[in-house]
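To keep things clear, I will list the structure first and then write my remarks on it.
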Amino acid sequence: NLDMARPERILDEHHSGLGQVKQRIRERLAIKALRRRRQPRVLAVDDDETARRNLVLALAREGCEVVTAASSREALERLEARDFDLLLTDLHLGQSDGMELLERTRARWPDMRVVVITGYASIPSAVEAVKKGAFQYLAKPYAIEELRSIVRRALEGRPLLKVTKGSVLC
């Protein structure tokens, strides 16, 4: 229950004339309230249908809305079409490359957290993924609880305020 009048009263009493500051605070509170009401949206990318299905089942129990893609190209199309809070991508995606998807995602959406999952884990690929901006590197097979824990941590740090043009208040 968001009391929008309280912050306004406090600002009016102690900081009169700060209309822009008050507006930004109201916008931030409104975004925070909206984000709490919306399920976190996760894009899971893997060329293996069974792996995608397992990710959907595991993360649905965490309260996430999970959208899947089978390739880098398909993932980028989904990312362009709607907002996501987290990207989970396999490192080897058949004809496409999860590392390239990581780079392109971080370049286009720098605030998005990316978790790299791979069945071919190695120290060099883990170092490369982290250098390119991966939030976490997870080797297959992994424990479902480990995946859920990583996803919870990644979603906790998501930004509350995205840069917008104009006001978010109606």
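FYI, nothing fancy with the structure tokens labels: chains A, B, ... in order, residues from 1 per chain, ligands from 1 as they appear.
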Task: Contact residues around range 120-129 of chain A with only C-alpha atoms at 9 Å, ignoring same-chain residues under 5 positions, as a list in words - done: Leu91, His92, Met99, Leu102, Glu103, Ala134, Phe135, Gln136, Tyr137, Leu138, Ala139 and Lys140 of chain A
Limited to all heavy atoms, could you put the picked residues into a file as a short mmCIF file (atom, residue, chain, number, x, y, z; two decimals), in the first residue's frame?
```
data_model
loop_
_atom_site.label_atom_id
_atom_site.label_comp_id
_atom_site.auth_asym_id
_atom_site.auth_seq_id
_atom_site.Cartn_x
_atom_site.Cartn_y
_atom_site.Cartn_z
N LEU A 91 25.87 -21.82 -23.67
CA LEU A 91 27.06 -21.32 -24.35
C LEU A 91 27.13 -21.83 -25.78
O LEU A 91 27.50 -21.10 -26.69
CB LEU A 91 28.31 -21.74 -23.58
CG LEU A 91 29.61 -21.03 -23.90
CD1 LEU A 91 29.46 -19.53 -23.77
CD2 LEU A 91 30.71 -21.52 -22.98
N HIS A 92 26.73 -23.07 -26.00
CA HIS A 92 26.74 -23.67 -27.33
C HIS A 92 25.30 -23.84 -27.81
O HIS A 92 24.56 -24.64 -27.27
CB HIS A 92 27.47 -25.02 -27.32
CG HIS A 92 28.90 -24.89 -26.91
ND1 HIS A 92 29.87 -24.39 -27.75
CD2 HIS A 92 29.53 -25.15 -25.74
CE1 HIS A 92 31.03 -24.38 -27.12
NE2 HIS A 92 30.85 -24.83 -25.89
N MET A 99 28.15 -16.95 -26.43
CA MET A 99 29.07 -15.88 -26.04
C MET A 99 28.77 -14.62 -26.86
O MET A 99 28.79 -13.51 -26.35
CB MET A 99 30.52 -16.32 -26.24
CG MET A 99 31.52 -15.53 -25.46
SD MET A 99 31.42 -15.70 -23.67
CE MET A 99 32.16 -17.31 -23.41
N LEU A 102 25.69 -13.09 -25.48
CA LEU A 102 26.05 -12.36 -24.27
C LEU A 102 26.58 -10.97 -24.61
O LEU A 102 26.12 -9.97 -24.06
CB LEU A 102 27.11 -13.15 -23.48
CG LEU A 102 27.85 -12.42 -22.36
CD1 LEU A 102 26.91 -11.99 -21.25
CD2 LEU A 102 28.97 -13.28 -21.82
N GLU A 103 27.52 -10.91 -25.53
CA GLU A 103 28.11 -9.62 -25.93
C GLU A 103 27.07 -8.67 -26.50
O GLU A 103 27.02 -7.49 -26.13
CB GLU A 103 29.21 -9.83 -26.97
CG GLU A 103 30.47 -10.43 -26.43
CD GLU A 103 31.50 -10.59 -27.54
OE1 GLU A 103 31.51 -11.65 -28.19
OE2 GLU A 103 32.29 -9.63 -27.74
N ALA A 134 28.98 -11.46 -18.00
CA ALA A 134 28.06 -12.45 -17.44
C ALA A 134 27.93 -12.25 -15.94
O ALA A 134 28.91 -12.02 -15.24
CB ALA A 134 28.53 -13.87 -17.73
N PHE A 135 26.71 -12.33 -15.44
CA PHE A 135 26.46 -12.24 -14.01
C PHE A 135 26.94 -13.50 -13.30
O PHE A 135 27.50 -13.45 -12.22
CB PHE A 135 24.96 -12.04 -13.76
CG PHE A 135 24.57 -12.04 -12.31
CD1 PHE A 135 24.82 -10.92 -11.53
CD2 PHE A 135 23.97 -13.14 -11.73
CE1 PHE A 135 24.47 -10.91 -10.18
CE2 PHE A 135 23.62 -13.14 -10.39
CZ PHE A 135 23.87 -12.03 -9.62
N GLN A 136 26.73 -14.63 -13.96
CA GLN A 136 27.12 -15.92 -13.39
C GLN A 136 27.40 -16.91 -14.51
O GLN A 136 26.84 -16.80 -15.60
CB GLN A 136 25.99 -16.45 -12.50
CG GLN A 136 26.33 -17.68 -11.71
CD GLN A 136 27.19 -17.37 -10.51
OE1 GLN A 136 27.03 -16.34 -9.87
NE2 GLN A 136 28.12 -18.24 -10.19
N TYR A 137 28.22 -17.88 -14.23
CA TYR A 137 28.59 -18.95 -15.16
C TYR A 137 28.22 -20.25 -14.46
O TYR A 137 28.70 -20.52 -13.36
CB TYR A 137 30.09 -18.88 -15.44
CG TYR A 137 30.64 -19.87 -16.43
CD1 TYR A 137 30.73 -19.56 -17.78
CD2 TYR A 137 31.13 -21.10 -16.00
CE1 TYR A 137 31.28 -20.45 -18.68
CE2 TYR A 137 31.68 -22.00 -16.90
CZ TYR A 137 31.75 -21.67 -18.25
OH TYR A 137 32.30 -22.56 -19.13
N LEU A 138 27.36 -21.04 -15.07
CA LEU A 138 26.83 -22.25 -14.43
C LEU A 138 27.10 -23.46 -15.30
O LEU A 138 26.72 -23.48 -16.48
CB LEU A 138 25.32 -22.08 -14.20
CG LEU A 138 24.57 -23.19 -13.48
CD1 LEU A 138 25.12 -23.37 -12.07
CD2 LEU A 138 23.09 -22.85 -13.43
N ALA A 139 27.76 -24.47 -14.73
CA ALA A 139 28.09 -25.69 -15.47
C ALA A 139 26.97 -26.71 -15.35
O ALA A 139 26.37 -26.87 -14.29
CB ALA A 139 29.39 -26.28 -14.94
N LYS A 140 26.68 -27.39 -16.48
CA LYS A 140 25.73 -28.50 -16.48
C LYS A 140 26.49 -29.77 -16.12
O LYS A 140 27.64 -29.90 -16.50
CB LYS A 140 25.12 -28.68 -17.87
CG LYS A 140 24.22 -27.58 -18.33
CD LYS A 140 23.70 -27.91 -19.73
CE LYS A 140 22.89 -26.79 -20.32
NZ LYS A 140 22.41 -27.11 -21.67
#
```
Open item on the list: I'd like to know which residues of range 50-150 of chain A are helix (DSSP H, G or I) (by DSSP, run on the backbone); could you write them as a PyMOL selection string?
Closed with: chain A and resi 50-60+72-81+98-108+123-131+144-150
TODO: Would you kindly return, as a list in words, each protein, DNA or RNA residue with an atom no farther than 12 Å from any atom of Glu100 in chain A, considering only C-alpha atoms and excluding same-chain residues fewer than 4 positions away?
DONE: Ser71, Ser72, Arg73, Ala75, Leu76, Thr89, Asp90, Leu91, His92, Leu93, Gln95, Ser96, Arg104, Thr105, Arg106, Ala107, Val116, Glu128, Ala129, Lys132, Gly133 and Ala134 of chain A
Task: Straight-line distance linking CA of Leu57 in chain A with CA of Ile31 in chain A, stated in Å to one decimal - done: 28.2 Å
Open item on the list: Give me the residues near Arg52 in chain A as a ChimeraX atom specification, where near means some atom within 12 Å (using only C-alpha atoms) and where sequence neighbours in that chain fewer than 6 positions away do not count.
Closed with: /A:42-46,58-59,66-71,88-90,93,117
With C-alpha atoms retained, could you export that selection as a compact mmCIF listing (two decimals), in the first residue's frame?
```
# COMPACT_ATOMS: atom_id res chain seq x y z
CA VAL A 42 13.21 -14.42 -17.88
CA LEU A 43 14.38 -15.36 -21.37
CA ALA A 44 15.83 -18.89 -21.45
CA VAL A 45 17.92 -19.73 -24.53
CA ASP A 46 19.01 -23.30 -25.30
CA ALA A 58 12.18 -24.78 -12.49
CA LEU A 59 11.68 -21.04 -12.73
CA VAL A 66 9.76 -17.71 -18.63
CA VAL A 67 9.94 -17.19 -22.39
CA THR A 68 12.17 -19.51 -24.43
CA ALA A 69 14.27 -19.30 -27.57
CA ALA A 70 16.24 -21.98 -29.43
CA SER A 71 18.90 -19.74 -31.03
CA LEU A 88 19.76 -17.38 -19.29
CA THR A 89 21.74 -18.67 -22.25
CA ASP A 90 23.52 -21.86 -23.13
CA LEU A 93 23.57 -23.08 -29.33
CA ILE A 117 24.96 -22.10 -18.75
```
